[in-house]
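Below you'll find the structure, written out as structure tokens, and then a few comments.
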Amino acid sequence: MPLPAPPSSRQLAERFRPVFQRIAEGALQRENDRALAYDAVGWLRDAGFGALRVPIAAGGLGASVEQFFDLLVELGEADSNLPQVLRAHFGFIERLFAEVDPGLHAPWLGRAAAGAIFGNATTELGHGAPGSLQTTLRREGSGWRLDGDKFYSTGTLYADWIGVAAQRIDDDGASERVLVLVPADAEGVERLDDWRGFGQRLSASGTTRFRGVHTAPANVLPSARTGPTPMTAFFQLVHLATLAGIARAIERDAVAFVQIRKRVYSHGSGNTPREDPLVQQLIGQLASTAFATSATVQAVAAGLGDIDRLRAAGQSIPVEMLVDVELRMAKAQVVIGDAVLQSATRLFDVGGASALHEDVRLDRHWRNARTLASHNPVIYKARVVGDHALNGIDPTFYWTVGANAA
């Protein structure tokens with residue numbers, strides 16, 4: 001029996017927009033109460049959002065890369081915490097496609113199709129050398145024992161499985177980096193809500209501890225960390241799509257604020273704020289930023305989509321395509337962060353002091369955008385783009401964080 005056709009963008013929108021609307025209706029209250037978004041994640045799970053990129057043959061929805069990022073921007077508009085919560089989940093699925101033997105895909109794609117959410121435990125605090133890991137996987141009986149501490153464990157409080165970056169140490173002392181998949185409720189796993197950043201407060205980006213966690217051999221996957229890959233661009237584009245969603249939310253909230261406002265300044269230019277040409281101009285600037293950021297995300301997503309279609313057809317992917325999409329992403333990051341932060345600041349010009357009221361919490365847009373824009377520092381992206389233009393130097397695809405020896 002032939003498989004059903006992939007869904008159209010219209011079909012996907014009809015399926016998920018009611019969920020996004022429901023999420024948006026509670027976003028402000030969650031922010032004010034700092035209430036973790038368990039309900040919102042559950043609504044997305046129930047609607048099959050986590051199975052967007054799982055192939056139809058594996059029980060998923062089979063959405064394209066372009067469709068996925070269009071929906072992610074809409075989710076970011078509803079609540080910018082949610083795309084970041086699910087970044088590790090979708091990144092794990094894409095990593096299976098890009099870097100893991102297809103023979104190992106089936107159980108993990110099946111779990112995602114059934115509604116499982118995958119979290120992240122990759123980054124460690126402290127002053128270890130760049131690329132080093134203190135989290136270890138050592139043989140224990142017929143399986144492995146996982147020990148270590150992670151931070152920036154985004155989404156893990158909401159997850160069913162946790163993807164853990166670890167250093168596997170064999171009996172003979174040989175060592176290699178691997179990805180360990182651990183059930184979130186396994187004995188020895190502790191998840192803490194101790195993220196204290198001033199933005200993205202509900203992304204569950206805190207500490208995860210592993211103490212003697214038993215791991216089956218089938219749950220250990222290779223971790224490719226060399227050579228050109230689409231994964232660096234994919235992970236960063238999730239942040240940029242979320243920023244584009246924030247730009248849309250800024251436009252939405254600015255329009256809603258101005259439309260009902262009656263108070264004007266005696267030296268203003270309209271009988272009501274919505275009739276004031278200066279306010280109209282400001283709203284137009286915010287709307288233009290929202291349009292431009294979404295269009296830029298689509299341009300990068302198109303490059304990733306072309307790569308994915310070659311992969312799905314079993315064709316080799318030219319290095320030039322991987323370099324091109326990485327440079328697209330870097331250029332997009334240079335532009336989008338500043339543009340959205342500027343919009344988040346201009347937003348307050350629509351209403352004077354009343355726009356500062358905590359009940360409307362317009363400040364969340366700047367705080368969340370600033371937090372997202374601080375990921376994978378933008379100062380290095382412009383340099384990479386310039387070095388390629390001037391000297392033909394390809395970008396670095398995999399990079400690490402740590403302290404170099406003096």
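Residue names in the structure tokens use chain letters A, B, ... in the order shown, residue numbers from 1 in each chain, and ligand numbers from 1 in the order shown.
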Shell around Gly50 in chain A at 12 Å using only C-alpha atoms, local window under 5 positions removed, as a VMD selection string: chain A and resid 16 41 to 45 55 59 to 63 68 71 to 72 82 to 83 85 to 93 109 to 119 159 to 160
Could you save the residues just selected, with N, CA, C and O atoms, as a short mmCIF file (atom, residue, chain, number, x, y, z; two decimals), in the first residue's frame?
data_model
loop_
_atom_site.label_atom_id
_atom_site.label_comp_id
_atom_site.auth_asym_id
_atom_site.auth_seq_id
_atom_site.Cartn_x
_atom_site.Cartn_y
_atom_site.Cartn_z
N PHE A 16 -1.86 23.00 13.40
CA PHE A 16 -1.10 23.51 14.54
C PHE A 16 -1.47 24.92 14.98
O PHE A 16 -1.20 25.29 16.13
N VAL A 41 3.81 22.20 26.34
CA VAL A 41 4.57 21.11 25.71
C VAL A 41 3.65 19.91 25.48
O VAL A 41 3.72 19.24 24.44
N GLY A 42 2.77 19.65 26.44
CA GLY A 42 1.83 18.54 26.29
C GLY A 42 0.87 18.74 25.13
O GLY A 42 0.56 17.78 24.40
N TRP A 43 0.40 19.97 24.93
CA TRP A 43 -0.49 20.24 23.79
C TRP A 43 0.23 20.00 22.47
O TRP A 43 -0.35 19.44 21.53
N LEU A 44 1.48 20.43 22.40
CA LEU A 44 2.26 20.21 21.18
C LEU A 44 2.49 18.72 20.96
O LEU A 44 2.38 18.21 19.83
N ARG A 45 2.81 18.01 22.02
CA ARG A 45 3.02 16.56 21.92
C ARG A 45 1.76 15.87 21.40
O ARG A 45 1.80 15.05 20.48
N PRO A 55 9.91 10.90 9.15
CA PRO A 55 9.33 10.49 7.87
C PRO A 55 7.99 9.77 8.04
O PRO A 55 7.73 9.12 9.06
N GLY A 59 6.13 6.74 10.72
CA GLY A 59 5.00 7.10 11.55
C GLY A 59 4.87 8.58 11.85
O GLY A 59 3.99 8.98 12.63
N GLY A 60 5.72 9.40 11.23
CA GLY A 60 5.68 10.84 11.48
C GLY A 60 4.88 11.59 10.44
O GLY A 60 4.17 11.01 9.61
N LEU A 61 5.03 12.92 10.45
CA LEU A 61 4.28 13.77 9.53
C LEU A 61 5.02 14.03 8.22
O LEU A 61 4.40 14.42 7.24
N GLY A 62 6.32 13.86 8.21
CA GLY A 62 7.07 14.01 6.97
C GLY A 62 7.14 15.43 6.44
O GLY A 62 7.24 15.64 5.23
N ALA A 63 7.11 16.44 7.33
CA ALA A 63 7.20 17.83 6.89
C ALA A 63 8.59 18.14 6.36
O ALA A 63 9.59 17.55 6.79
N PHE A 68 8.92 23.07 8.42
CA PHE A 68 9.25 23.03 9.84
C PHE A 68 9.63 24.42 10.36
O PHE A 68 9.12 24.87 11.40
N LEU A 71 6.72 26.89 10.65
CA LEU A 71 5.91 26.63 11.85
C LEU A 71 6.65 27.05 13.11
O LEU A 71 6.04 27.53 14.07
N LEU A 72 7.97 26.89 13.11
CA LEU A 72 8.75 27.26 14.30
C LEU A 72 8.69 28.76 14.54
O LEU A 72 8.63 29.22 15.69
N LEU A 82 9.10 28.06 23.74
CA LEU A 82 8.78 26.73 23.23
C LEU A 82 9.71 26.25 22.13
O LEU A 82 10.15 25.09 22.15
N PRO A 83 10.07 27.07 21.12
CA PRO A 83 11.04 26.57 20.13
C PRO A 83 12.38 26.22 20.78
O PRO A 83 13.01 25.24 20.39
N VAL A 85 12.82 25.21 23.90
CA VAL A 85 12.59 23.96 24.63
C VAL A 85 12.78 22.76 23.72
O VAL A 85 13.36 21.74 24.10
N LEU A 86 12.28 22.85 22.48
CA LEU A 86 12.27 21.72 21.55
C LEU A 86 13.48 21.70 20.61
O LEU A 86 13.56 20.84 19.73
N ARG A 87 14.41 22.61 20.80
CA ARG A 87 15.58 22.69 19.92
C ARG A 87 16.39 21.40 19.96
O ARG A 87 16.79 20.87 18.91
N ALA A 88 16.62 20.87 21.15
CA ALA A 88 17.39 19.63 21.25
C ALA A 88 16.62 18.46 20.64
O ALA A 88 17.22 17.58 20.01
N HIS A 89 15.31 18.46 20.80
CA HIS A 89 14.49 17.38 20.24
C HIS A 89 14.63 17.32 18.73
O HIS A 89 14.96 16.27 18.15
N PHE A 90 14.39 18.46 18.08
CA PHE A 90 14.47 18.46 16.62
C PHE A 90 15.91 18.32 16.14
O PHE A 90 16.17 17.72 15.09
N GLY A 91 16.85 18.85 16.93
CA GLY A 91 18.25 18.68 16.56
C GLY A 91 18.68 17.23 16.60
O GLY A 91 19.47 16.78 15.75
N PHE A 92 18.16 16.47 17.56
CA PHE A 92 18.49 15.05 17.63
C PHE A 92 17.97 14.31 16.39
O PHE A 92 18.68 13.49 15.80
N ILE A 93 16.75 14.62 15.98
CA ILE A 93 16.20 13.97 14.79
C ILE A 93 17.02 14.31 13.55
O ILE A 93 17.36 13.44 12.74
N LEU A 109 13.33 7.17 15.81
CA LEU A 109 12.26 7.81 15.04
C LEU A 109 10.90 7.29 15.48
O LEU A 109 9.92 8.04 15.55
N GLY A 110 10.83 6.00 15.81
CA GLY A 110 9.58 5.44 16.29
C GLY A 110 9.14 6.07 17.60
O GLY A 110 7.94 6.35 17.80
N ARG A 111 10.09 6.31 18.50
CA ARG A 111 9.74 6.96 19.77
C ARG A 111 9.26 8.39 19.53
O ARG A 111 8.30 8.84 20.16
N ALA A 112 9.94 9.12 18.65
CA ALA A 112 9.51 10.49 18.35
C ALA A 112 8.13 10.50 17.72
O ALA A 112 7.29 11.35 18.03
N ALA A 113 7.87 9.54 16.82
CA ALA A 113 6.55 9.47 16.18
C ALA A 113 5.47 9.19 17.20
O ALA A 113 4.32 9.65 17.06
N ALA A 114 5.80 8.43 18.26
CA ALA A 114 4.84 8.09 19.30
C ALA A 114 4.65 9.20 20.34
O ALA A 114 3.82 9.06 21.24
N GLY A 115 5.44 10.28 20.21
CA GLY A 115 5.25 11.42 21.10
C GLY A 115 6.37 11.70 22.07
O GLY A 115 6.30 12.65 22.86
N ALA A 116 7.43 10.89 22.05
CA ALA A 116 8.55 11.13 22.97
C ALA A 116 9.24 12.45 22.64
O ALA A 116 9.39 12.82 21.46
N ILE A 117 9.67 13.17 23.68
CA ILE A 117 10.42 14.42 23.54
C ILE A 117 11.85 14.17 24.00
O ILE A 117 12.08 13.60 25.07
N PHE A 118 12.81 14.64 23.21
CA PHE A 118 14.23 14.46 23.53
C PHE A 118 14.81 15.78 24.04
O PHE A 118 14.60 16.84 23.44
N GLY A 119 15.52 15.71 25.16
CA GLY A 119 16.16 16.88 25.74
C GLY A 119 17.66 16.87 25.51
O GLY A 119 18.20 16.03 24.78
N ALA A 159 11.41 16.70 28.99
CA ALA A 159 11.76 15.62 28.06
C ALA A 159 11.45 14.24 28.62
O ALA A 159 11.39 14.02 29.84
N ASP A 160 11.33 13.28 27.71
CA ASP A 160 11.21 11.87 28.04
C ASP A 160 12.56 11.17 27.95
O ASP A 160 12.82 10.21 28.67
#
Picked from range 147-336 of chain A by DSSP as strand (DSSP E), as a ChimeraX atom specification: /A:147-150,161-169,175-183,189-191,208-215,220-222
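Checking A:Asp394, A:Asp338, A:Asp194, A:Glu140 one by one against Thr207 in chain A, counting only C-alpha atoms, you find the shortest gap at A:Asp194.
The environment of Pro7 in chain A within 10 Å, counting only C-alpha atoms and disregarding residues fewer than 3 places along the same chain, consists of Pro4, Arg10, Gln11, Leu12, Ala13, Leu52, Ile56, Leu61, Gly62, Ala63, Ser64 and Gln67 of chain A.
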Which residues are close to Leu137 in chain A, i.e. within 10 Å by only C-alpha atoms, leaving aside same-chain residues fewer than 5 positions away? Reply as a PDB file with all heavy atoms, in the first residue's frame.
ATOM      1  N   GLY A 143      26.441  -3.520  30.330  1.00  0.00           N
ATOM      2  CA  GLY A 143      26.120  -2.199  29.796  1.00  0.00           C
ATOM      3  C   GLY A 143      27.181  -1.171  30.143  1.00  0.00           C
ATOM      4  O   GLY A 143      28.378  -1.468  30.189  1.00  0.00           O
ATOM      5  N   TRP A 144      26.721   0.045  30.398  1.00  0.00           N
ATOM      6  CA  TRP A 144      27.621   1.155  30.671  1.00  0.00           C
ATOM      7  C   TRP A 144      27.093   1.953  31.859  1.00  0.00           C
ATOM      8  O   TRP A 144      25.897   1.941  32.151  1.00  0.00           O
ATOM      9  CB  TRP A 144      27.735   2.068  29.448  1.00  0.00           C
ATOM     10  CG  TRP A 144      28.316   1.406  28.242  1.00  0.00           C
ATOM     11  CD1 TRP A 144      27.637   0.736  27.277  1.00  0.00           C
ATOM     12  CD2 TRP A 144      29.698   1.342  27.904  1.00  0.00           C
ATOM     13  NE1 TRP A 144      28.503   0.250  26.332  1.00  0.00           N
ATOM     14  CE2 TRP A 144      29.782   0.612  26.690  1.00  0.00           C
ATOM     15  CE3 TRP A 144      30.877   1.820  28.482  1.00  0.00           C
ATOM     16  CZ2 TRP A 144      30.993   0.359  26.057  1.00  0.00           C
ATOM     17  CZ3 TRP A 144      32.083   1.573  27.854  1.00  0.00           C
ATOM     18  CH2 TRP A 144      32.140   0.848  26.662  1.00  0.00           C
ATOM     19  N   ARG A 145      27.992   2.676  32.523  1.00  0.00           N
ATOM     20  CA  ARG A 145      27.649   3.529  33.662  1.00  0.00           C
ATOM     21  C   ARG A 145      27.970   4.974  33.292  1.00  0.00           C
ATOM     22  O   ARG A 145      29.110   5.283  32.904  1.00  0.00           O
ATOM     23  CB  ARG A 145      28.444   3.108  34.901  1.00  0.00           C
ATOM     24  CG  ARG A 145      28.277   4.051  36.099  1.00  0.00           C
ATOM     25  CD  ARG A 145      29.314   3.758  37.171  1.00  0.00           C
ATOM     26  NE  ARG A 145      29.279   4.779  38.220  1.00  0.00           N
ATOM     27  CZ  ARG A 145      28.783   4.570  39.433  1.00  0.00           C
ATOM     28  NH1 ARG A 145      28.297   3.381  39.755  1.00  0.00           N
ATOM     29  NH2 ARG A 145      28.790   5.553  40.329  1.00  0.00           N
ATOM     30  N   LEU A 146      26.985   5.840  33.419  1.00  0.00           N
ATOM     31  CA  LEU A 146      27.124   7.248  33.050  1.00  0.00           C
ATOM     32  C   LEU A 146      27.209   8.109  34.304  1.00  0.00           C
ATOM     33  O   LEU A 146      26.368   8.004  35.200  1.00  0.00           O
ATOM     34  CB  LEU A 146      25.922   7.691  32.213  1.00  0.00           C
ATOM     35  CG  LEU A 146      25.877   9.146  31.756  1.00  0.00           C
ATOM     36  CD1 LEU A 146      26.975   9.428  30.727  1.00  0.00           C
ATOM     37  CD2 LEU A 146      24.501   9.488  31.161  1.00  0.00           C
ATOM     38  N   ASP A 147      28.228   9.001  34.348  1.00  0.00           N
ATOM     39  CA  ASP A 147      28.410   9.910  35.482  1.00  0.00           C
ATOM     40  C   ASP A 147      28.833  11.282  34.975  1.00  0.00           C
ATOM     41  O   ASP A 147      29.692  11.382  34.086  1.00  0.00           O
ATOM     42  CB  ASP A 147      29.495   9.387  36.433  1.00  0.00           C
ATOM     43  CG  ASP A 147      29.095   8.117  37.144  1.00  0.00           C
ATOM     44  OD1 ASP A 147      28.382   8.202  38.164  1.00  0.00           O
ATOM     45  OD2 ASP A 147      29.499   7.032  36.668  1.00  0.00           O
ATOM     46  N   GLY A 148      28.254  12.328  35.562  1.00  0.00           N
ATOM     47  CA  GLY A 148      28.673  13.677  35.200  1.00  0.00           C
ATOM     48  C   GLY A 148      27.610  14.713  35.491  1.00  0.00           C
ATOM     49  O   GLY A 148      26.482  14.386  35.887  1.00  0.00           O
ATOM     50  N   ALA A 165      26.107  14.225  25.984  1.00  0.00           N
ATOM     51  CA  ALA A 165      27.450  14.146  25.409  1.00  0.00           C
ATOM     52  C   ALA A 165      28.392  13.621  26.480  1.00  0.00           C
ATOM     53  O   ALA A 165      28.490  14.191  27.567  1.00  0.00           O
ATOM     54  CB  ALA A 165      27.903  15.512  24.927  1.00  0.00           C
ATOM     55  N   ALA A 166      29.075  12.521  26.190  1.00  0.00           N
ATOM     56  CA  ALA A 166      29.945  11.894  27.182  1.00  0.00           C
ATOM     57  C   ALA A 166      31.216  11.374  26.528  1.00  0.00           C
ATOM     58  O   ALA A 166      31.271  11.173  25.310  1.00  0.00           O
ATOM     59  CB  ALA A 166      29.215  10.747  27.890  1.00  0.00           C
ATOM     60  N   GLN A 167      32.214  11.156  27.364  1.00  0.00           N
ATOM     61  CA  GLN A 167      33.463  10.561  26.919  1.00  0.00           C
ATOM     62  C   GLN A 167      33.431   9.083  27.308  1.00  0.00           C
ATOM     63  O   GLN A 167      33.438   8.738  28.493  1.00  0.00           O
ATOM     64  CB  GLN A 167      34.659  11.263  27.573  1.00  0.00           C
ATOM     65  CG  GLN A 167      35.956  11.106  26.825  1.00  0.00           C
ATOM     66  CD  GLN A 167      35.974  11.889  25.504  1.00  0.00           C
ATOM     67  OE1 GLN A 167      35.235  12.855  25.338  1.00  0.00           O
ATOM     68  NE2 GLN A 167      36.831  11.480  24.578  1.00  0.00           N
ATOM     69  N   ARG A 168      33.335   8.210  26.312  1.00  0.00           N
ATOM     70  CA  ARG A 168      33.333   6.775  26.602  1.00  0.00           C
ATOM     71  C   ARG A 168      34.765   6.297  26.775  1.00  0.00           C
ATOM     72  O   ARG A 168      35.619   6.516  25.912  1.00  0.00           O
ATOM     73  CB  ARG A 168      32.653   5.993  25.485  1.00  0.00           C
ATOM     74  CG  ARG A 168      32.622   4.486  25.767  1.00  0.00           C
ATOM     75  CD  ARG A 168      31.719   3.739  24.824  1.00  0.00           C
ATOM     76  NE  ARG A 168      32.175   3.816  23.439  1.00  0.00           N
ATOM     77  CZ  ARG A 168      31.479   3.329  22.411  1.00  0.00           C
ATOM     78  NH1 ARG A 168      30.294   2.764  22.629  1.00  0.00           N
ATOM     79  NH2 ARG A 168      31.951   3.437  21.180  1.00  0.00           N
ATOM     80  N   ILE A 169      35.020   5.631  27.886  1.00  0.00           N
ATOM     81  CA  ILE A 169      36.350   5.128  28.198  1.00  0.00           C
ATOM     82  C   ILE A 169      36.277   3.614  28.238  1.00  0.00           C
ATOM     83  O   ILE A 169      35.616   3.020  29.094  1.00  0.00           O
ATOM     84  CB  ILE A 169      36.856   5.693  29.540  1.00  0.00           C
ATOM     85  CG1 ILE A 169      36.847   7.238  29.488  1.00  0.00           C
ATOM     86  CG2 ILE A 169      38.249   5.169  29.857  1.00  0.00           C
ATOM     87  CD1 ILE A 169      37.177   7.903  30.793  1.00  0.00           C
ATOM     88  N   ASP A 170      36.932   2.968  27.293  1.00  0.00           N
ATOM     89  CA  ASP A 170      36.908   1.517  27.201  1.00  0.00           C
ATOM     90  C   ASP A 170      37.848   0.892  28.225  1.00  0.00           C
ATOM     91  O   ASP A 170      38.656   1.576  28.880  1.00  0.00           O
ATOM     92  CB  ASP A 170      37.290   1.071  25.797  1.00  0.00           C
ATOM     93  CG  ASP A 170      36.243   1.467  24.759  1.00  0.00           C
ATOM     94  OD1 ASP A 170      35.056   1.538  25.128  1.00  0.00           O
ATOM     95  OD2 ASP A 170      36.621   1.702  23.591  1.00  0.00           O
ATOM     96  N   SER A 175      39.513   6.196  24.396  1.00  0.00           N
ATOM     97  CA  SER A 175      38.454   7.156  24.708  1.00  0.00           C
ATOM     98  C   SER A 175      37.891   7.752  23.431  1.00  0.00           C
ATOM     99  O   SER A 175      38.635   8.027  22.477  1.00  0.00           O
ATOM    100  CB  SER A 175      39.015   8.266  25.601  1.00  0.00           C
ATOM    101  OG  SER A 175      38.049   9.267  25.851  1.00  0.00           O
ATOM    102  N   GLU A 176      36.572   7.936  23.399  1.00  0.00           N
ATOM    103  CA  GLU A 176      35.938   8.619  22.274  1.00  0.00           C
ATOM    104  C   GLU A 176      34.674   9.317  22.758  1.00  0.00           C
ATOM    105  O   GLU A 176      34.037   8.893  23.727  1.00  0.00           O
ATOM    106  CB  GLU A 176      35.595   7.638  21.154  1.00  0.00           C
ATOM    107  CG  GLU A 176      34.533   6.623  21.513  1.00  0.00           C
ATOM    108  CD  GLU A 176      34.092   5.783  20.322  1.00  0.00           C
ATOM    109  OE1 GLU A 176      34.145   6.296  19.185  1.00  0.00           O
ATOM    110  OE2 GLU A 176      33.675   4.636  20.542  1.00  0.00           O
ATOM    111  N   ARG A 177      34.305  10.368  22.071  1.00  0.00           N
ATOM    112  CA  ARG A 177      33.099  11.122  22.399  1.00  0.00           C
ATOM    113  C   ARG A 177      31.895  10.390  21.803  1.00  0.00           C
ATOM    114  O   ARG A 177      31.921   9.978  20.636  1.00  0.00           O
ATOM    115  CB  ARG A 177      33.197  12.533  21.826  1.00  0.00           C
ATOM    116  CG  ARG A 177      32.072  13.472  22.251  1.00  0.00           C
ATOM    117  CD  ARG A 177      32.243  14.818  21.574  1.00  0.00           C
ATOM    118  NE  ARG A 177      31.221  15.762  21.984  1.00  0.00           N
ATOM    119  CZ  ARG A 177      31.458  16.889  22.638  1.00  0.00           C
ATOM    120  NH1 ARG A 177      32.692  17.208  22.972  1.00  0.00           N
ATOM    121  NH2 ARG A 177      30.481  17.703  22.970  1.00  0.00           N
ATOM    122  N   VAL A 178      30.822  10.269  22.608  1.00  0.00           N
ATOM    123  CA  VAL A 178      29.609   9.583  22.155  1.00  0.00           C
ATOM    124  C   VAL A 178      28.389  10.370  22.617  1.00  0.00           C
ATOM    125  O   VAL A 178      28.469  11.272  23.466  1.00  0.00           O
ATOM    126  CB  VAL A 178      29.529   8.145  22.713  1.00  0.00           C
ATOM    127  CG1 VAL A 178      30.631   7.276  22.121  1.00  0.00           C
ATOM    128  CG2 VAL A 178      29.573   8.139  24.240  1.00  0.00           C
ATOM    129  N   LEU A 179      27.243  10.011  22.054  1.00  0.00           N
ATOM    130  CA  LEU A 179      25.960  10.552  22.483  1.00  0.00           C
ATOM    131  C   LEU A 179      25.197   9.428  23.170  1.00  0.00           C
ATOM    132  O   LEU A 179      24.957   8.378  22.572  1.00  0.00           O
ATOM    133  CB  LEU A 179      25.161  11.076  21.290  1.00  0.00           C
ATOM    134  CG  LEU A 179      23.788  11.673  21.616  1.00  0.00           C
ATOM    135  CD1 LEU A 179      23.942  12.965  22.413  1.00  0.00           C
ATOM    136  CD2 LEU A 179      22.990  11.936  20.345  1.00  0.00           C
ATOM    137  N   VAL A 180      24.824   9.664  24.418  1.00  0.00           N
ATOM    138  CA  VAL A 180      24.145   8.654  25.220  1.00  0.00           C
ATOM    139  C   VAL A 180      22.689   9.076  25.383  1.00  0.00           C
ATOM    140  O   VAL A 180      22.407  10.197  25.824  1.00  0.00           O
ATOM    141  CB  VAL A 180      24.804   8.501  26.604  1.00  0.00           C
ATOM    142  CG1 VAL A 180      24.175   7.342  27.367  1.00  0.00           C
ATOM    143  CG2 VAL A 180      26.308   8.298  26.450  1.00  0.00           C
ATOM    144  N   GLY A 212      25.823   7.308  38.320  1.00  0.00           N
ATOM    145  CA  GLY A 212      25.737   5.868  38.162  1.00  0.00           C
ATOM    146  C   GLY A 212      24.539   5.423  37.359  1.00  0.00           C
ATOM    147  O   GLY A 212      23.892   4.427  37.701  1.00  0.00           O
ATOM    148  N   VAL A 213      24.246   6.129  36.274  1.00  0.00           N
ATOM    149  CA  VAL A 213      23.073   5.809  35.462  1.00  0.00           C
ATOM    150  C   VAL A 213      23.397   4.635  34.542  1.00  0.00           C
ATOM    151  O   VAL A 213      24.314   4.709  33.709  1.00  0.00           O
ATOM    152  CB  VAL A 213      22.634   7.035  34.635  1.00  0.00           C
ATOM    153  CG1 VAL A 213      21.413   6.678  33.786  1.00  0.00           C
ATOM    154  CG2 VAL A 213      22.319   8.213  35.550  1.00  0.00           C
ATOM    155  N   HIS A 214      22.651   3.539  34.691  1.00  0.00           N
ATOM    156  CA  HIS A 214      22.883   2.371  33.848  1.00  0.00           C
ATOM    157  C   HIS A 214      22.387   2.661  32.433  1.00  0.00           C
ATOM    158  O   HIS A 214      21.289   3.176  32.229  1.00  0.00           O
ATOM    159  CB  HIS A 214      22.156   1.147  34.399  1.00  0.00           C
ATOM    160  CG  HIS A 214      22.301  -0.049  33.503  1.00  0.00           C
ATOM    161  ND1 HIS A 214      23.473  -0.773  33.421  1.00  0.00           N
ATOM    162  CD2 HIS A 214      21.420  -0.636  32.639  1.00  0.00           C
ATOM    163  CE1 HIS A 214      23.311  -1.758  32.548  1.00  0.00           C
ATOM    164  NE2 HIS A 214      22.073  -1.701  32.056  1.00  0.00           N
ATOM    165  N   THR A 215      23.204   2.319  31.458  1.00  0.00           N
ATOM    166  CA  THR A 215      22.898   2.603  30.061  1.00  0.00           C
ATOM    167  C   THR A 215      23.074   1.350  29.219  1.00  0.00           C
ATOM    168  O   THR A 215      24.124   0.696  29.278  1.00  0.00           O
ATOM    169  CB  THR A 215      23.828   3.715  29.526  1.00  0.00           C
ATOM    170  OG1 THR A 215      23.687   4.880  30.332  1.00  0.00           O
ATOM    171  CG2 THR A 215      23.476   4.062  28.096  1.00  0.00           C
ATOM    172  N   VAL A 220      23.716   4.032  23.013  1.00  0.00           N
ATOM    173  CA  VAL A 220      24.946   4.798  22.807  1.00  0.00           C
ATOM    174  C   VAL A 220      25.173   4.940  21.306  1.00  0.00           C
ATOM    175  O   VAL A 220      25.294   3.949  20.585  1.00  0.00           O
ATOM    176  CB  VAL A 220      26.151   4.101  23.467  1.00  0.00           C
ATOM    177  CG1 VAL A 220      27.423   4.941  23.257  1.00  0.00           C
ATOM    178  CG2 VAL A 220      25.900   3.884  24.953  1.00  0.00           C
TER     179      VAL A 220
END
Nearest candidate to Glu77 in chain A (options A:Gly227, A:Gly206, A:Gly245, A:Gly131; using only C-alpha atoms): A:Gly245
Sel. of helix (DSSP H, G or I) residues, range 115-255 of chain A, as JSON, numbers by chain: {"A": [156, 157, 158, 217, 218, 219, 231, 232, 233, 234, 235, 236, 237, 238, 239, 240, 241, 242, 243, 244, 245, 246, 247, 248, 249, 250, 251, 252, 253, 254, 255]}
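Among the candidates A:Ser269, A:Leu310, A:Ile246, A:Val323, the residue lying nearest to Ile393 in chain A is A:Val323 (atoms considered: only C-alpha atoms).
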Atom-to-atom span, CA of Leu133 in chain A and CA of Val401 in chain A, Å: 10.6 Å
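Those residues that approach Ala247 in chain A to within 7 Å, counting only C-alpha atoms, are Leu243, Ala244, Gly245, Ala249, Ile250, Glu251, Thr289, Ala290 and Val340 of chain A; same-chain residues fewer than 2 positions away are not listed.
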Dump N, CA, C and O atoms for the selected residues as an mmCIF file, in the first residue's frame?
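As a result, result-v5.cif now contains:
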data_model
loop_
_atom_site.group_PDB
_atom_site.id
_atom_site.type_symbol
_atom_site.label_atom_id
_atom_site.label_comp_id
_atom_site.auth_asym_id
_atom_site.auth_seq_id
_atom_site.Cartn_x
_atom_site.Cartn_y
_atom_site.Cartn_z
ATOM 1 N N LEU A 243 13.835 34.165 17.140
ATOM 2 C CA LEU A 243 13.948 35.628 17.102
ATOM 3 C C LEU A 243 12.964 36.231 16.097
ATOM 4 O O LEU A 243 12.359 37.272 16.358
ATOM 5 N N ALA A 244 12.803 35.579 14.958
ATOM 6 C CA ALA A 244 11.825 36.059 13.979
ATOM 7 C C ALA A 244 10.415 35.993 14.564
ATOM 8 O O ALA A 244 9.578 36.874 14.314
ATOM 9 N N GLY A 245 10.133 34.955 15.340
ATOM 10 C CA GLY A 245 8.849 34.879 16.026
ATOM 11 C C GLY A 245 8.668 36.003 17.023
ATOM 12 O O GLY A 245 7.572 36.577 17.145
ATOM 13 N N ALA A 249 5.806 38.895 17.360
ATOM 14 C CA ALA A 249 5.090 39.168 18.609
ATOM 15 C C ALA A 249 5.196 40.641 18.990
ATOM 16 O O ALA A 249 4.250 41.224 19.528
ATOM 17 N N ILE A 250 6.336 41.249 18.711
ATOM 18 C CA ILE A 250 6.508 42.680 18.969
ATOM 19 C C ILE A 250 5.519 43.483 18.135
ATOM 20 O O ILE A 250 4.847 44.391 18.642
ATOM 21 N N GLU A 251 5.432 43.159 16.846
ATOM 22 C CA GLU A 251 4.461 43.838 15.987
ATOM 23 C C GLU A 251 3.044 43.634 16.511
ATOM 24 O O GLU A 251 2.256 44.592 16.629
ATOM 25 N N THR A 289 10.436 44.831 10.101
ATOM 26 C CA THR A 289 11.437 43.954 10.721
ATOM 27 C C THR A 289 10.901 42.535 10.846
ATOM 28 O O THR A 289 11.613 41.559 10.582
ATOM 29 N N ALA A 290 9.632 42.408 11.235
ATOM 30 C CA ALA A 290 9.030 41.082 11.348
ATOM 31 C C ALA A 290 9.036 40.362 10.003
ATOM 32 O O ALA A 290 9.344 39.169 9.915
ATOM 33 N N VAL A 340 16.036 42.571 15.634
ATOM 34 C CA VAL A 340 14.976 42.261 16.592
ATOM 35 C C VAL A 340 15.200 43.009 17.903
ATOM 36 O O VAL A 340 14.246 43.502 18.517
#
All residues 12 Å or closer to Ala27 in chain A, only C-alpha atoms, same chain fewer than 3 positions away omitted, as an NGL selection string: :A and (20-24 or 30-37 or 39-40 or 75-82 or 200-202 or 249 or 360-362 or 364-365)
Distance criterion (only C-alpha atoms): nearest to Ala256 in chain A out of A:Pro102, A:Gln236, A:Gln333, A:Ala355: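 Among the listed residues, A:Ala355 lies closest to Ala256 in chain A.
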